[in-house]
Amino acid sequence: MAETLTATALTLKDIAREAGVSLATVDRVLHNRPGVRPDTVRRVQAAIERNAFQPHVAAAELARGRARRFAFVMPSGPNPFMQQIEAYLGEMSAWLSARRLSVEMVATDVFDPSVLAASLEVLSGEYDGVAVVALDHPGVRAAINDLVDAGTKVVTLVSDVPSSRRHHYVGIDNIAAGRTAGALVGRLVGQRSGKVAIVAGSQGLRDHAERIFGFNQVMASEFSGLSVLPVLEGRDEDDRSEQVLARLLGKHADIVGLYNVGAGTQGVAKALSDKALSDAGRDKVVFVGHDVTVLTRRLLLQGVMDAAISQNPGHEARAAVRVLLALARGEPILREQEKIRIDIVMRDNLP
């Protein structure tokens with residue numbers, strides 16, 4: 001078992017020794033330089049995170065003459081997963097300070113393309129880099145392109161706009177996530193036939209659209225006994241999601257499965273619970289959603305929710321900052337290090 005080192009005594013040599021690599025390899029990992037195998041990168045990163053190591057890089061940044069400012073354009077409203085990303089960014093304060101970086105939050109309505117585009121437009125010339133949870137819309141695409149033309153490094157976070165000139169996307173493979181959700185719903189429903197409901201925040205968000213696409217692919221090809229109903233949009237809001245789902249459940253007594261594509265989870269669970277009380281004795285609706293939060297953890301433990309497709313908000317927060325920093329420095333991006341994976345979480349394997 002590796003010895004846990006104290007943060008005050010740590011040096012690069014300590015990290016290299018614990019990870020079983022050379023000093024040069026540690027330096028390459030810290031500065032996102034190529035030529036390091038993915039498993040070695042993971043080993044070095046694990047040693048750094050395990051010991052809360054903060055390398056002394058401030059002197060190198062001071063030589064550049066000024067601090068850098070990054071903005072994170074995030075959804076307004078109580079979205080638990082987005083709040084987790086913001087919390088992890090707050091925990092990076094020492095790491096950011098050592099590199100003379102500041103990260104500022106810009107809350108906006110990401111479901112309204114004109115509001116989101118206007119929020120991006122006012123950032124031009126104010127920040128070195130911008131990470132944005134983006135709506136795939138021509139107005140938003142134009143605003144991203146204008147930022148890039150003005151010299152700002154732009155990263156899309158969680159939801160992509162691939163037709164824009166953004167520099168990089170940080171997030172999961174959402175089509176694969178949707179396919180995973182489809183497989184889970186289909187298999188957990190078992191031999192029953194019936195209908196499957198989908199609740200999304202907005203199909204204008206590319207992450208939601210791609211998840212729905214992947215979900216429908218699997219349902220059509222592997223579960224012909226299940227009929228997928230038209231997508232409901234709840235804007236990731238609890239009240240709206242509850243209302244639209246409750247109406248649907250009232251119209252269709254044979255709904256056996258539900259895929260909640262985004263947030264609004266509390267409202268979705270409330271509509272399902274109310275339906276279950278009024279239909280005592282009927283089989284429960286299989287409920288698959290996204291992300292492990294305080295709420296989804298409780299719903300999984302209670303058996304209301306059957307599975308959550310999880311992405312690591314801490315990894316996404318760190319990756320977005322590291323990618324923006326690499327872009328600002330003109331350094332290569334270590335794509336394997338910044339790749340965000342998905343996990344299937346159920347009651348019996350809750351982390």
# chains A, B, ... in the order shown; residues from 1 in each chain; ligands from 1

$ residues_around --residues "Val268 in chain A" --least-positions-apart "6" --cutoff "9 Å" --atoms "only C-alpha atoms" --output "list in words"
Val199, Asp238, Asp239, Ser241, Glu242, Gln243, Leu245, Ala246 and Asn260 of chain A

$ write_last_selection --atoms "C-alpha atoms" --output "compact mmCIF listing (two decimals), in the first residue's frame"
# COMPACT_ATOMS: atom_id res chain seq x y z
CA VAL A 199 -39.01 13.44 -20.45
CA ASP A 238 -39.40 20.00 -11.33
CA ASP A 239 -42.88 21.55 -11.53
CA SER A 241 -41.72 17.99 -15.57
CA GLU A 242 -44.25 16.78 -13.00
CA GLN A 243 -47.14 18.44 -14.83
CA LEU A 245 -45.65 13.62 -17.09
CA ALA A 246 -48.75 13.50 -14.88
CA ASN A 260 -35.71 11.01 -17.82

$ atom_distance --atom1 "CA of Val261 in chain A" --atom2 "CA of Lys153 in chain A"
29.0 Å

$ select_by_dssp --residues "range 73-287 of chain A" --states "alpha helix (DSSP H)" --output "number ranges by chain"
A: 80-91, 93-98, 113-121, 138-149, 174-189, 206-222, 238-251, 265-278

$ write_last_selection --atoms "C-alpha atoms" --output "short mmCIF file (atom, residue, chain, number, x, y, z; two decimals), in the first residue's frame"
data_model
loop_
_atom_site.label_atom_id
_atom_site.label_comp_id
_atom_site.auth_asym_id
_atom_site.auth_seq_id
_atom_site.Cartn_x
_atom_site.Cartn_y
_atom_site.Cartn_z
CA PRO A 80 -28.26 19.43 -9.06
CA PHE A 81 -25.69 18.12 -11.55
CA MET A 82 -24.71 21.62 -12.69
CA GLN A 83 -24.48 22.66 -9.04
CA GLN A 84 -22.05 19.79 -8.49
CA ILE A 85 -19.84 21.08 -11.32
CA GLU A 86 -19.88 24.57 -9.78
CA ALA A 87 -19.01 23.13 -6.36
CA TYR A 88 -16.02 21.25 -7.77
CA LEU A 89 -14.80 24.41 -9.47
CA GLY A 90 -14.95 26.11 -6.08
CA GLU A 91 -12.80 23.35 -4.60
CA SER A 93 -9.25 27.48 -5.74
CA ALA A 94 -5.71 26.57 -4.63
CA TRP A 95 -4.96 24.89 -7.98
CA LEU A 96 -6.29 27.92 -9.83
CA SER A 97 -4.41 30.42 -7.68
CA ALA A 98 -1.13 28.60 -8.26
CA PRO A 113 -31.31 30.77 -27.55
CA SER A 114 -31.62 34.57 -27.65
CA VAL A 115 -30.86 34.89 -23.93
CA LEU A 116 -27.93 32.46 -24.12
CA ALA A 117 -26.51 34.17 -27.23
CA ALA A 118 -26.75 37.58 -25.54
CA SER A 119 -24.98 36.19 -22.45
CA LEU A 120 -22.12 35.00 -24.63
CA GLU A 121 -21.88 38.19 -26.65
CA PRO A 138 -27.97 29.15 -35.07
CA GLY A 139 -27.94 32.21 -32.78
CA VAL A 140 -25.86 30.43 -30.15
CA ARG A 141 -23.56 29.04 -32.83
CA ALA A 142 -22.99 32.57 -34.19
CA ALA A 143 -22.25 33.91 -30.69
CA ILE A 144 -19.67 31.15 -30.11
CA ASN A 145 -18.05 31.86 -33.48
CA ASP A 146 -17.86 35.58 -32.67
CA LEU A 147 -16.08 34.79 -29.40
CA VAL A 148 -13.59 32.58 -31.22
CA ASP A 149 -13.00 35.26 -33.88
CA ASN A 174 -24.42 11.17 -25.24
CA ILE A 175 -25.58 8.79 -27.99
CA ALA A 176 -23.88 5.96 -26.09
CA ALA A 177 -25.54 7.16 -22.88
CA GLY A 178 -28.96 7.09 -24.56
CA ARG A 179 -28.34 3.63 -25.95
CA THR A 180 -27.38 2.49 -22.45
CA ALA A 181 -30.62 3.93 -21.08
CA GLY A 182 -32.61 2.13 -23.76
CA ALA A 183 -30.98 -1.17 -22.97
CA LEU A 184 -31.64 -0.71 -19.26
CA VAL A 185 -35.31 0.20 -19.69
CA GLY A 186 -35.92 -2.64 -22.13
CA ARG A 187 -34.26 -5.30 -20.03
CA LEU A 188 -35.74 -4.14 -16.72
CA VAL A 189 -39.26 -4.05 -18.19
CA ARG A 206 -27.68 18.56 -28.17
CA ASP A 207 -26.87 16.29 -25.24
CA HIS A 208 -30.59 15.66 -24.74
CA ALA A 209 -31.23 15.21 -28.48
CA GLU A 210 -28.37 12.73 -28.80
CA ARG A 211 -29.47 10.74 -25.76
CA ILE A 212 -32.99 10.50 -27.20
CA PHE A 213 -31.56 9.40 -30.56
CA GLY A 214 -29.50 6.63 -28.94
CA PHE A 215 -32.42 5.55 -26.77
CA ASN A 216 -34.78 5.26 -29.75
CA GLN A 217 -32.17 3.32 -31.73
CA VAL A 218 -32.06 0.59 -29.11
CA MET A 219 -35.79 0.52 -28.45
CA ALA A 220 -36.58 0.15 -32.16
CA SER A 221 -33.99 -2.51 -32.85
CA GLU A 222 -34.11 -4.62 -29.69
CA ASP A 238 -39.40 20.00 -11.33
CA ASP A 239 -42.88 21.55 -11.53
CA ARG A 240 -43.10 21.53 -15.31
CA SER A 241 -41.72 17.99 -15.57
CA GLU A 242 -44.25 16.78 -13.00
CA GLN A 243 -47.14 18.44 -14.83
CA VAL A 244 -46.35 17.15 -18.32
CA LEU A 245 -45.65 13.62 -17.09
CA ALA A 246 -48.75 13.50 -14.88
CA ARG A 247 -50.90 14.42 -17.88
CA LEU A 248 -49.26 11.71 -19.98
CA LEU A 249 -49.68 9.07 -17.28
CA GLY A 250 -53.35 10.01 -17.06
CA LYS A 251 -53.80 9.42 -20.79
CA THR A 265 -36.02 14.50 -11.46
CA GLN A 266 -37.96 15.48 -8.35
CA GLY A 267 -41.01 16.34 -10.44
CA VAL A 268 -40.75 13.15 -12.48
CA ALA A 269 -40.54 11.06 -9.31
CA LYS A 270 -43.54 12.89 -7.81
CA ALA A 271 -45.69 12.19 -10.89
CA LEU A 272 -44.69 8.52 -10.81
CA SER A 273 -45.37 8.22 -7.07
CA ASP A 274 -48.81 9.81 -7.41
CA LYS A 275 -49.62 7.45 -10.28
CA ALA A 276 -48.45 4.44 -8.25
CA LEU A 277 -50.74 5.40 -5.35
CA SER A 278 -53.76 5.66 -7.64
#

$ closest_atom_pairs --of "range 304-351 of chain A" --to "range 282-289 of chain A" --cutoff "7 Å" --atoms "only C-alpha atoms" --output "CSV"
residue,atom,partner,partner_atom,distance
A:Met305,CA,A:Phe287,CA,5.0
A:Asp306,CA,A:Phe287,CA,5.4
A:Ala307,CA,A:Val288,CA,5.0
A:Ala308,CA,A:Gly289,CA,4.9
A:Ile309,CA,A:Gly289,CA,6.3

$ residues_around --residues "Gly77 in chain A" --least-positions-apart "6" --cutoff "10 Å" --atoms "only C-alpha atoms" --output "CSV table (one decimal) with all heavy atoms, in the first residue's frame"
chain,number,residue,atom,x,y,z
A,83,GLN,N,-25.0,22.2,-10.3
A,83,GLN,CA,-24.5,22.7,-9.0
A,83,GLN,C,-23.3,21.9,-8.6
A,83,GLN,O,-22.4,22.5,-7.9
A,83,GLN,CB,-25.6,22.6,-8.0
A,83,GLN,CG,-26.7,23.6,-8.3
A,83,GLN,CD,-27.9,23.4,-7.4
A,83,GLN,OE1,-28.1,22.3,-6.8
A,83,GLN,NE2,-28.8,24.4,-7.3
A,107,ALA,N,-24.6,32.8,-14.8
A,107,ALA,CA,-25.9,32.0,-14.8
A,107,ALA,C,-26.8,32.6,-15.9
A,107,ALA,O,-27.0,33.8,-15.9
A,107,ALA,CB,-26.5,32.0,-13.5
A,108,THR,N,-27.4,31.7,-16.7
A,108,THR,CA,-28.3,32.2,-17.7
A,108,THR,C,-29.3,31.2,-18.1
A,108,THR,O,-29.2,30.0,-17.7
A,108,THR,CB,-27.5,32.7,-19.0
A,108,THR,OG1,-28.4,33.4,-19.9
A,108,THR,CG2,-26.9,31.5,-19.7
A,109,ASP,N,-30.3,31.6,-18.9
A,109,ASP,CA,-31.3,30.6,-19.4
A,109,ASP,C,-30.8,29.9,-20.6
A,109,ASP,O,-30.9,30.5,-21.7
A,109,ASP,CB,-32.6,31.3,-19.7
A,109,ASP,CG,-33.8,30.4,-20.0
A,109,ASP,OD1,-33.5,29.2,-20.2
A,109,ASP,OD2,-34.9,30.9,-20.2
A,236,ASP,N,-36.0,21.0,-17.6
A,236,ASP,CA,-35.2,20.6,-16.5
A,236,ASP,C,-35.8,21.2,-15.2
A,236,ASP,O,-35.1,21.3,-14.2
A,236,ASP,CB,-33.8,21.0,-16.6
A,236,ASP,CG,-33.0,20.0,-17.5
A,236,ASP,OD1,-33.5,19.0,-17.8
A,236,ASP,OD2,-31.8,20.4,-17.8
A,237,GLU,N,-37.1,21.5,-15.2
A,237,GLU,CA,-37.8,22.1,-14.0
A,237,GLU,C,-38.7,21.1,-13.4
A,237,GLU,O,-39.4,20.4,-14.1
A,237,GLU,CB,-38.6,23.3,-14.4
A,237,GLU,CG,-37.8,24.5,-15.0
A,237,GLU,CD,-38.7,25.6,-15.6
A,237,GLU,OE1,-39.9,25.5,-15.5
A,237,GLU,OE2,-38.1,26.5,-16.2

$ residues_around --residues "Gly204 in chain A" --least-positions-apart "2" --cutoff "6 Å" --atoms "only C-alpha atoms" --output "PDB file with C-alpha atoms, in the first residue's frame"
ATOM      1  CA  LEU A 135     -28.001  25.057 -26.873  1.00  0.00           C
ATOM      2  CA  ASP A 136     -27.538  23.865 -30.462  1.00  0.00           C
ATOM      3  CA  SER A 202     -35.207  20.455 -24.370  1.00  0.00           C
ATOM      4  CA  ARG A 206     -27.676  18.558 -28.171  1.00  0.00           C
TER       5      ARG A 206
END
